[in-house]
file input.tsv (TSV, N, CA and C atoms and all ligand atoms)
chain	number	residue	atom	x	y	z
A	1	MET	N	-38.57	-17.47	-52.36
A	1	MET	CA	-38.73	-16.69	-51.13
A	1	MET	C	-38.14	-15.30	-51.35
A	2	ILE	N	-38.83	-14.28	-50.91
A	2	ILE	CA	-38.35	-12.90	-51.02
A	2	ILE	C	-37.84	-12.47	-49.65
A	3	MET	N	-36.54	-12.25	-49.58
A	3	MET	CA	-35.96	-11.87	-48.30
A	3	MET	C	-36.29	-10.43	-47.94
A	4	PRO	N	-36.70	-10.20	-46.68
A	4	PRO	CA	-37.00	-8.82	-46.27
A	4	PRO	C	-35.74	-7.97	-46.11
A	5	PHE	N	-34.60	-8.62	-45.95
A	5	PHE	CA	-33.34	-7.89	-45.78
A	5	PHE	C	-32.27	-8.57	-46.63
A	6	THR	N	-31.25	-7.82	-47.00
A	6	THR	CA	-30.09	-8.43	-47.64
A	6	THR	C	-28.92	-8.47	-46.66
A	7	GLN	N	-29.00	-7.63	-45.63
A	7	GLN	CA	-27.96	-7.61	-44.60
A	7	GLN	C	-28.62	-7.75	-43.24
A	8	CYS	N	-27.88	-8.30	-42.29
A	8	CYS	CA	-28.40	-8.50	-40.95
A	8	CYS	C	-28.71	-7.15	-40.29
A	9	PRO	N	-29.95	-6.94	-39.81
A	9	PRO	CA	-30.27	-5.67	-39.14
A	9	PRO	C	-29.63	-5.56	-37.75
A	10	VAL	N	-29.13	-6.68	-37.23
A	10	VAL	CA	-28.50	-6.66	-35.90
A	10	VAL	C	-27.03	-6.24	-36.00
A	11	CYS	N	-26.28	-6.90	-36.90
A	11	CYS	CA	-24.84	-6.64	-36.94
A	11	CYS	C	-24.33	-6.20	-38.30
A	12	GLY	N	-25.20	-6.20	-39.33
A	12	GLY	CA	-24.77	-5.77	-40.66
A	12	GLY	C	-24.07	-6.85	-41.47
A	13	GLY	N	-24.02	-8.07	-40.93
A	13	GLY	CA	-23.37	-9.19	-41.63
A	13	GLY	C	-24.17	-9.65	-42.84
A	14	ASP	N	-23.57	-10.48	-43.68
A	14	ASP	CA	-24.25	-11.01	-44.87
A	14	ASP	C	-25.21	-12.12	-44.47
A	15	LEU	N	-26.35	-12.18	-45.19
A	15	LEU	CA	-27.35	-13.20	-44.94
A	15	LEU	C	-27.27	-14.30	-45.99
A	16	LEU	N	-27.46	-15.53	-45.54
A	16	LEU	CA	-27.49	-16.67	-46.44
A	16	LEU	C	-28.85	-17.35	-46.25
A	17	GLU	N	-29.52	-17.67	-47.38
A	17	GLU	CA	-30.81	-18.35	-47.25
A	17	GLU	C	-30.56	-19.83	-46.96
A	18	LYS	N	-31.20	-20.30	-45.90
A	18	LYS	CA	-31.01	-21.68	-45.46
A	18	LYS	C	-32.33	-22.27	-45.03
A	19	GLU	N	-32.42	-23.62	-45.02
A	19	GLU	CA	-33.56	-24.30	-44.42
A	19	GLU	C	-33.21	-24.51	-42.95
A	20	VAL	N	-34.11	-24.07	-42.06
A	20	VAL	CA	-33.84	-24.17	-40.63
A	20	VAL	C	-35.01	-24.87	-39.94
A	21	GLU	N	-34.75	-25.39	-38.74
A	21	GLU	CA	-35.80	-25.96	-37.91
A	21	GLU	C	-36.19	-24.93	-36.87
A	22	LYS	N	-37.48	-24.67	-36.76
A	22	LYS	CA	-37.97	-23.71	-35.76
A	22	LYS	C	-38.87	-24.47	-34.79
A	23	LEU	N	-38.63	-24.28	-33.50
A	23	LEU	CA	-39.47	-24.90	-32.47
A	23	LEU	C	-40.56	-23.91	-32.10
A	24	LEU	N	-41.81	-24.36	-32.23
A	24	LEU	CA	-42.96	-23.51	-31.90
A	24	LEU	C	-43.69	-24.11	-30.73
A	25	ARG	N	-44.15	-23.26	-29.82
A	25	ARG	CA	-44.92	-23.71	-28.67
A	25	ARG	C	-46.27	-23.04	-28.67
A	26	GLY	N	-47.30	-23.81	-28.27
A	26	GLY	CA	-48.63	-23.25	-28.13
A	26	GLY	C	-49.34	-24.03	-27.04
A	27	GLY	N	-49.65	-23.37	-25.91
A	27	GLY	CA	-50.24	-24.08	-24.79
A	27	GLY	C	-49.28	-25.15	-24.30
A	28	ILE	N	-49.78	-26.39	-24.15
A	28	ILE	CA	-48.93	-27.46	-23.63
A	28	ILE	C	-48.17	-28.18	-24.74
A	29	HIS	N	-48.46	-27.86	-26.00
A	29	HIS	CA	-47.85	-28.58	-27.11
A	29	HIS	C	-46.69	-27.82	-27.73
A	30	ALA	N	-45.88	-28.56	-28.49
A	30	ALA	CA	-44.78	-27.95	-29.23
A	30	ALA	C	-44.67	-28.67	-30.57
A	31	ALA	N	-44.16	-27.97	-31.56
A	31	ALA	CA	-43.96	-28.57	-32.88
A	31	ALA	C	-42.69	-28.01	-33.49
A	32	VAL	N	-42.05	-28.86	-34.30
A	32	VAL	CA	-40.87	-28.44	-35.05
A	32	VAL	C	-41.30	-28.28	-36.50
A	33	VAL	N	-40.96	-27.14	-37.10
A	33	VAL	CA	-41.31	-26.89	-38.50
A	33	VAL	C	-40.05	-26.49	-39.24
A	34	ARG	N	-39.91	-27.00	-40.48
A	34	ARG	CA	-38.76	-26.66	-41.32
A	34	ARG	C	-39.18	-25.57	-42.29
A	35	VAL	N	-38.48	-24.46	-42.26
A	35	VAL	CA	-38.78	-23.33	-43.14
A	35	VAL	C	-37.48	-22.73	-43.67
A	36	HIS	N	-37.62	-21.87	-44.67
A	36	HIS	CA	-36.47	-21.12	-45.16
A	36	HIS	C	-36.32	-19.84	-44.36
A	37	ALA	N	-35.11	-19.49	-44.04
A	37	ALA	CA	-34.83	-18.27	-43.30
A	37	ALA	C	-33.56	-17.65	-43.85
A	38	GLY	N	-33.41	-16.37	-43.62
A	38	GLY	CA	-32.14	-15.72	-43.88
A	38	GLY	C	-31.32	-15.84	-42.61
A	39	VAL	N	-30.14	-16.45	-42.71
A	39	VAL	CA	-29.31	-16.65	-41.51
A	39	VAL	C	-28.06	-15.80	-41.64
A	40	CYS	N	-27.79	-15.00	-40.61
A	40	CYS	CA	-26.61	-14.13	-40.63
A	40	CYS	C	-25.35	-14.97	-40.48
A	41	LEU	N	-24.42	-14.76	-41.38
A	41	LEU	CA	-23.16	-15.53	-41.34
A	41	LEU	C	-22.27	-15.09	-40.19
A	42	ARG	N	-22.52	-13.89	-39.65
A	42	ARG	CA	-21.67	-13.38	-38.57
A	42	ARG	C	-22.22	-13.71	-37.19
A	43	CYS	N	-23.50	-13.34	-36.92
A	43	CYS	CA	-24.02	-13.51	-35.55
A	43	CYS	C	-25.07	-14.62	-35.43
A	44	GLY	N	-25.51	-15.20	-36.55
A	44	GLY	CA	-26.46	-16.31	-36.46
A	44	GLY	C	-27.91	-15.90	-36.36
A	45	GLU	N	-28.19	-14.60	-36.37
A	45	GLU	CA	-29.57	-14.12	-36.33
A	45	GLU	C	-30.35	-14.73	-37.49
A	46	ARG	N	-31.62	-15.12	-37.20
A	46	ARG	CA	-32.48	-15.66	-38.25
A	46	ARG	C	-33.55	-14.64	-38.61
A	47	LEU	N	-33.77	-14.48	-39.89
A	47	LEU	CA	-34.80	-13.55	-40.36
A	47	LEU	C	-35.82	-14.32	-41.19
A	48	TYR	N	-37.08	-14.09	-40.88
A	48	TYR	CA	-38.16	-14.78	-41.59
A	48	TYR	C	-39.00	-13.78	-42.36
A	49	THR	N	-39.63	-14.24	-43.45
A	49	THR	CA	-40.54	-13.38	-44.20
A	49	THR	C	-41.84	-13.23	-43.41
A	50	GLN	N	-42.63	-12.22	-43.78
A	50	GLN	CA	-43.94	-12.01	-43.15
A	50	GLN	C	-44.82	-13.25	-43.29
A	51	ASP	N	-44.79	-13.88	-44.47
A	51	ASP	CA	-45.60	-15.09	-44.69
A	51	ASP	C	-45.19	-16.20	-43.74
A	52	THR	N	-43.89	-16.35	-43.52
A	52	THR	CA	-43.40	-17.39	-42.61
A	52	THR	C	-43.83	-17.09	-41.18
A	53	VAL	N	-43.75	-15.83	-40.78
A	53	VAL	CA	-44.16	-15.45	-39.43
A	53	VAL	C	-45.66	-15.71	-39.23
A	54	ARG	N	-46.46	-15.43	-40.26
A	54	ARG	CA	-47.91	-15.72	-40.18
A	54	ARG	C	-48.15	-17.22	-40.07
A	55	TYR	N	-47.37	-18.00	-40.82
A	55	TYR	CA	-47.46	-19.46	-40.78
A	55	TYR	C	-47.15	-19.96	-39.36
A	56	PHE	N	-46.12	-19.40	-38.71
A	56	PHE	CA	-45.78	-19.75	-37.32
A	56	PHE	C	-46.98	-19.47	-36.41
A	57	GLU	N	-47.62	-18.33	-36.60
A	57	GLU	CA	-48.75	-17.95	-35.74
A	57	GLU	C	-49.91	-18.93	-35.90
A	58	GLN	N	-50.15	-19.38	-37.16
A	58	GLN	CA	-51.22	-20.36	-37.40
A	58	GLN	C	-50.92	-21.66	-36.67
A	59	ILE	N	-49.67	-22.10	-36.74
A	59	ILE	CA	-49.30	-23.36	-36.08
A	59	ILE	C	-49.40	-23.21	-34.57
A	60	ARG	N	-48.94	-22.08	-34.02
A	60	ARG	CA	-49.04	-21.85	-32.57
A	60	ARG	C	-50.49	-21.87	-32.12
A	61	ALA	N	-51.38	-21.27	-32.92
A	61	ALA	CA	-52.81	-21.24	-32.56
A	61	ALA	C	-53.40	-22.65	-32.58
A	62	LYS	N	-53.01	-23.45	-33.58
A	62	LYS	CA	-53.50	-24.84	-33.65
A	62	LYS	C	-53.01	-25.63	-32.44
A	63	LEU	N	-51.75	-25.45	-32.08
A	63	LEU	CA	-51.19	-26.16	-30.92
A	63	LEU	C	-51.97	-25.79	-29.66
A	64	LYS	N	-52.22	-24.50	-29.52
A	64	LYS	CA	-52.90	-23.99	-28.33
A	64	LYS	C	-54.30	-24.58	-28.20
A	65	HIS	N	-54.96	-24.81	-29.35
A	65	HIS	CA	-56.33	-25.33	-29.35
A	65	HIS	C	-56.39	-26.84	-29.58
A	66	HIS	N	-55.25	-27.51	-29.40
A	66	HIS	CA	-55.17	-28.98	-29.52
A	66	HIS	C	-55.56	-29.48	-30.91
A	67	GLU	N	-55.41	-28.63	-31.94
A	67	GLU	CA	-55.74	-29.05	-33.31
A	67	GLU	C	-54.49	-29.63	-33.95
A	68	THR	N	-54.10	-30.81	-33.46
A	68	THR	CA	-52.81	-31.39	-33.87
A	68	THR	C	-52.97	-32.60	-34.78
A	69	MET	N	-54.21	-32.88	-35.25
A	69	MET	CA	-54.43	-34.08	-36.07
A	69	MET	C	-53.63	-34.07	-37.37
A	70	ASP	N	-53.37	-32.88	-37.93
A	70	ASP	CA	-52.62	-32.78	-39.20
A	70	ASP	C	-51.12	-32.89	-38.99
A	71	PHE	N	-50.68	-32.87	-37.73
A	71	PHE	CA	-49.24	-32.87	-37.46
A	71	PHE	C	-48.76	-34.29	-37.22
A	72	GLN	N	-47.50	-34.52	-37.58
A	72	GLN	CA	-46.89	-35.84	-37.38
A	72	GLN	C	-46.38	-35.93	-35.95
A	73	LEU	N	-46.76	-37.00	-35.26
A	73	LEU	CA	-46.31	-37.19	-33.88
A	73	LEU	C	-44.86	-37.67	-33.89
A	74	LEU	N	-44.00	-36.95	-33.20
A	74	LEU	CA	-42.58	-37.30	-33.16
A	74	LEU	C	-42.22	-38.05	-31.89
A	75	GLY	N	-42.72	-37.57	-30.76
A	75	GLY	CA	-42.35	-38.18	-29.49
A	75	GLY	C	-42.92	-37.36	-28.36
A	76	GLN	N	-42.51	-37.66	-27.16
A	76	GLN	CA	-43.02	-36.92	-26.02
A	76	GLN	C	-42.17	-35.69	-25.75
A	77	PHE	N	-42.74	-34.76	-25.07
A	77	PHE	CA	-42.14	-33.46	-24.84
A	77	PHE	C	-42.01	-33.30	-23.33
A	78	PHE	N	-40.79	-33.14	-22.82
A	78	PHE	CA	-40.54	-33.15	-21.38
A	78	PHE	C	-40.08	-31.80	-20.87
A	79	ALA	N	-40.35	-31.57	-19.61
A	79	ALA	CA	-39.75	-30.44	-18.89
A	79	ALA	C	-38.77	-31.05	-17.89
A	80	VAL	N	-37.58	-30.50	-17.78
A	80	VAL	CA	-36.56	-31.03	-16.89
A	80	VAL	C	-36.20	-29.96	-15.87
A	81	GLU	N	-36.26	-30.33	-14.59
A	81	GLU	CA	-35.86	-29.39	-13.54
A	81	GLU	C	-34.35	-29.17	-13.60
A	82	SER	N	-33.94	-27.94	-13.53
A	82	SER	CA	-32.52	-27.65	-13.55
A	82	SER	C	-31.87	-28.14	-12.26
A	83	ASN	N	-30.74	-28.83	-12.40
A	83	ASN	CA	-30.03	-29.35	-11.24
A	83	ASN	C	-28.62	-28.79	-11.18
A	84	VAL	N	-28.42	-27.67	-11.86
A	84	VAL	CA	-27.09	-27.05	-11.90
A	84	VAL	C	-26.99	-26.06	-10.75
A	85	PRO	N	-25.94	-26.15	-9.92
A	85	PRO	CA	-25.83	-25.21	-8.80
A	85	PRO	C	-25.66	-23.77	-9.28
A	86	ASP	N	-26.20	-22.82	-8.52
A	86	ASP	CA	-26.13	-21.41	-8.89
A	86	ASP	C	-24.68	-20.92	-9.00
A	87	SER	N	-23.78	-21.56	-8.25
A	87	SER	CA	-22.39	-21.12	-8.25
A	87	SER	C	-21.76	-21.20	-9.65
A	88	ALA	N	-22.39	-22.00	-10.54
A	88	ALA	CA	-21.86	-22.11	-11.90
A	88	ALA	C	-21.92	-20.78	-12.63
A	89	LEU	N	-22.78	-19.85	-12.17
A	89	LEU	CA	-22.94	-18.57	-12.85
A	89	LEU	C	-22.00	-17.51	-12.31
A	90	GLN	N	-21.27	-17.82	-11.22
A	90	GLN	CA	-20.39	-16.81	-10.65
A	90	GLN	C	-19.14	-16.66	-11.51
A	91	PRO	N	-18.63	-15.43	-11.61
A	91	PRO	CA	-17.42	-15.21	-12.43
A	91	PRO	C	-16.23	-15.92	-11.81
A	92	THR	N	-15.38	-16.46	-12.67
A	92	THR	CA	-14.18	-17.11	-12.20
A	92	THR	C	-12.97	-16.40	-12.81
A	93	ALA	N	-11.88	-16.41	-12.09
A	93	ALA	CA	-10.67	-15.76	-12.59
A	93	ALA	C	-10.13	-16.54	-13.79
A	94	PRO	N	-9.71	-15.86	-14.85
A	94	PRO	CA	-9.18	-16.57	-16.04
A	94	PRO	C	-7.90	-17.31	-15.72
A	95	ASP	N	-7.82	-18.53	-16.22
A	95	ASP	CA	-6.62	-19.37	-16.07
A	95	ASP	C	-6.18	-19.56	-14.63
A	96	GLY	N	-7.15	-19.48	-13.71
A	96	GLY	CA	-6.84	-19.74	-12.29
A	96	GLY	C	-6.04	-18.63	-11.65
A	97	ALA	N	-5.90	-17.48	-12.32
A	97	ALA	CA	-5.14	-16.37	-11.74
A	97	ALA	C	-5.86	-15.83	-10.50
A	98	ALA	N	-5.08	-15.34	-9.54
A	98	ALA	CA	-5.67	-14.80	-8.31
A	98	ALA	C	-6.39	-13.48	-8.62
A	99	VAL	N	-7.58	-13.30	-8.02
A	99	VAL	CA	-8.33	-12.07	-8.21
A	99	VAL	C	-7.88	-11.06	-7.18
A	100	GLU	N	-7.47	-9.89	-7.63
A	100	GLU	CA	-7.02	-8.85	-6.70
A	100	GLU	C	-8.20	-8.21	-6.00
A	101	ALA	N	-8.01	-7.97	-4.69
A	101	ALA	CA	-9.09	-7.39	-3.90
A	101	ALA	C	-9.13	-5.87	-4.08
B	1	ZN	ZN	-25.86	-10.57	-37.69
call {"tool": "encode", "arguments": {"input": "input.tsv", "output": "structure tokens"}}
result
Amino acid sequence: MIMPFTQCPVCGGDLLEKEVEKLLRGGIHAAVVRVHAGVCLRCGERLYTQDTVRYFEQIRAKLKHHETMDFQLLGQFFAVESNVPDSALQPTAPDGAAVEA
């Protein structure tokens, strides 16, 4: 694999080549594909080669057109309604300290 970068373009950290799982969606279907990526050791950004990005696009197009016969069926794919109250997103005072008005 020829890496497009040697350093992370986001934070400048060092990249390590790793095998990663990428989740791809196309229409109602989804697929997991294992590919090599450059992974930033500092911020976790993933970088893919042009060939890998093209490969993702081919898989997304097949998913969209229900051309899934070549893919291995793993299981069902669910959507889950969020049941977390909105208040979870409100800022809280650190360590229970009183917030000054
Ligand atoms: Zn980075």
call {"tool": "residues_around", "arguments": {"input": "input.tsv", "residues": "Thr68 (chain A)", "least_positions_apart": "6", "cutoff": "12 Å", "atoms": "only C-alpha atoms", "output": "CSV table (one decimal) with N, CA and C atoms, in the frame of the given file"}}
result
chain,number,residue,atom,x,y,z
A,26,GLY,N,-47.3,-23.8,-28.3
A,26,GLY,CA,-48.6,-23.2,-28.1
A,26,GLY,C,-49.3,-24.0,-27.0
A,27,GLY,N,-49.6,-23.4,-25.9
A,27,GLY,CA,-50.2,-24.1,-24.8
A,27,GLY,C,-49.3,-25.2,-24.3
A,28,ILE,N,-49.8,-26.4,-24.2
A,28,ILE,CA,-48.9,-27.5,-23.6
A,28,ILE,C,-48.2,-28.2,-24.7
A,29,HIS,N,-48.5,-27.9,-26.0
A,29,HIS,CA,-47.8,-28.6,-27.1
A,29,HIS,C,-46.7,-27.8,-27.7
A,30,ALA,N,-45.9,-28.6,-28.5
A,30,ALA,CA,-44.8,-28.0,-29.2
A,30,ALA,C,-44.7,-28.7,-30.6
A,31,ALA,N,-44.2,-28.0,-31.6
A,31,ALA,CA,-44.0,-28.6,-32.9
A,31,ALA,C,-42.7,-28.0,-33.5
A,58,GLN,N,-50.2,-19.4,-37.2
A,58,GLN,CA,-51.2,-20.4,-37.4
A,58,GLN,C,-50.9,-21.7,-36.7
A,59,ILE,N,-49.7,-22.1,-36.7
A,59,ILE,CA,-49.3,-23.4,-36.1
A,59,ILE,C,-49.4,-23.2,-34.6
A,60,ARG,N,-48.9,-22.1,-34.0
A,60,ARG,CA,-49.0,-21.8,-32.6
A,60,ARG,C,-50.5,-21.9,-32.1
A,61,ALA,N,-51.4,-21.3,-32.9
A,61,ALA,CA,-52.8,-21.2,-32.6
A,61,ALA,C,-53.4,-22.6,-32.6
A,62,LYS,N,-53.0,-23.4,-33.6
A,62,LYS,CA,-53.5,-24.8,-33.6
A,62,LYS,C,-53.0,-25.6,-32.4
A,74,LEU,N,-44.0,-37.0,-33.2
A,74,LEU,CA,-42.6,-37.3,-33.2
A,74,LEU,C,-42.2,-38.0,-31.9
call {"tool": "select_by_dssp", "arguments": {"input": "input.tsv", "residues": "chain A", "states": "alpha helix (DSSP H)", "output": "ChimeraX atom specification"}}
result
/A:50-64
call {"tool": "residues_near_ligand", "arguments": {"input": "input.tsv", "ligand": "ligand ZN 1 (chain B)", "cutoff": "7 Å", "atoms": "all atoms listed in the file", "output": "list in words"}}
result
Gln7, Cys8, Pro9, Val10, Cys11, Gly12, Gly13, Asp14, Val39, Cys40, Leu41, Arg42, Cys43, Gly44 and Glu45 of chain A
call {"tool": "residues_near_point", "arguments": {"input": "input.tsv", "point": "(-32.6, -18.9, -46.3)", "cutoff": "7 Å", "atoms": "only N, CA and C atoms", "output": "list in words"}}
result
Leu16, Glu17, Lys18, Glu19, Val20, Val35, His36, Ala37, Gly38 and Val39 of chain A
call {"tool": "closest_residue", "arguments": {"input": "input.tsv", "among": "A:Phe5, A:Thr49, A:Phe56, A:Gln72", "to": "Lys22 (chain A)", "atoms": "only C-alpha atoms"}}
result
A:Phe56
call {"tool": "select_by_dssp", "arguments": {"input": "input.tsv", "residues": "region 5-94 of chain A", "states": "strand (DSSP E)", "output": "list of chain:residue names"}}
result
A:Leu15, A:Leu16, A:Glu17, A:Lys18, A:Glu19, A:Val20, A:Glu21, A:Lys22, A:Leu23, A:Leu24, A:Arg25, A:Gly26, A:His29, A:Ala30, A:Ala31, A:Val32, A:Val33, A:Arg34, A:Val35, A:His36, A:Ala37, A:Gly38, A:Val39, A:Cys40, A:Arg46, A:Leu47
call {"tool": "atom_distance", "arguments": {"input": "input.tsv", "atom1": "CA of Gln50 (chain A)", "atom2": "atom C of Leu63 (chain A)"}}
result
20.9 Å
call {"tool": "closest_residue", "arguments": {"input": "input.tsv", "among": "A:Asp70, A:Asp86, A:Leu15, A:Phe77", "to": "Arg46 (chain A)", "atoms": "only C-alpha atoms"}}
result
A:Leu15
call {"tool": "axis_aligned_box", "arguments": {"input": "input.tsv", "around": "region 10-27 of chain A", "padding_each_side": "4 Å", "output": "lines of an AutoDock Vina configuration file"}}
result
center_x = -36.8
center_y = -15.9
center_z = -35.8
size_x = 34.9
size_y = 28.2
size_z = 31.1
call {"tool": "atom_distance", "arguments": {"input": "input.tsv", "atom1": "CA of Leu73 (chain A)", "atom2": "CA of Tyr55 (chain A)"}}
result
19.1 Å
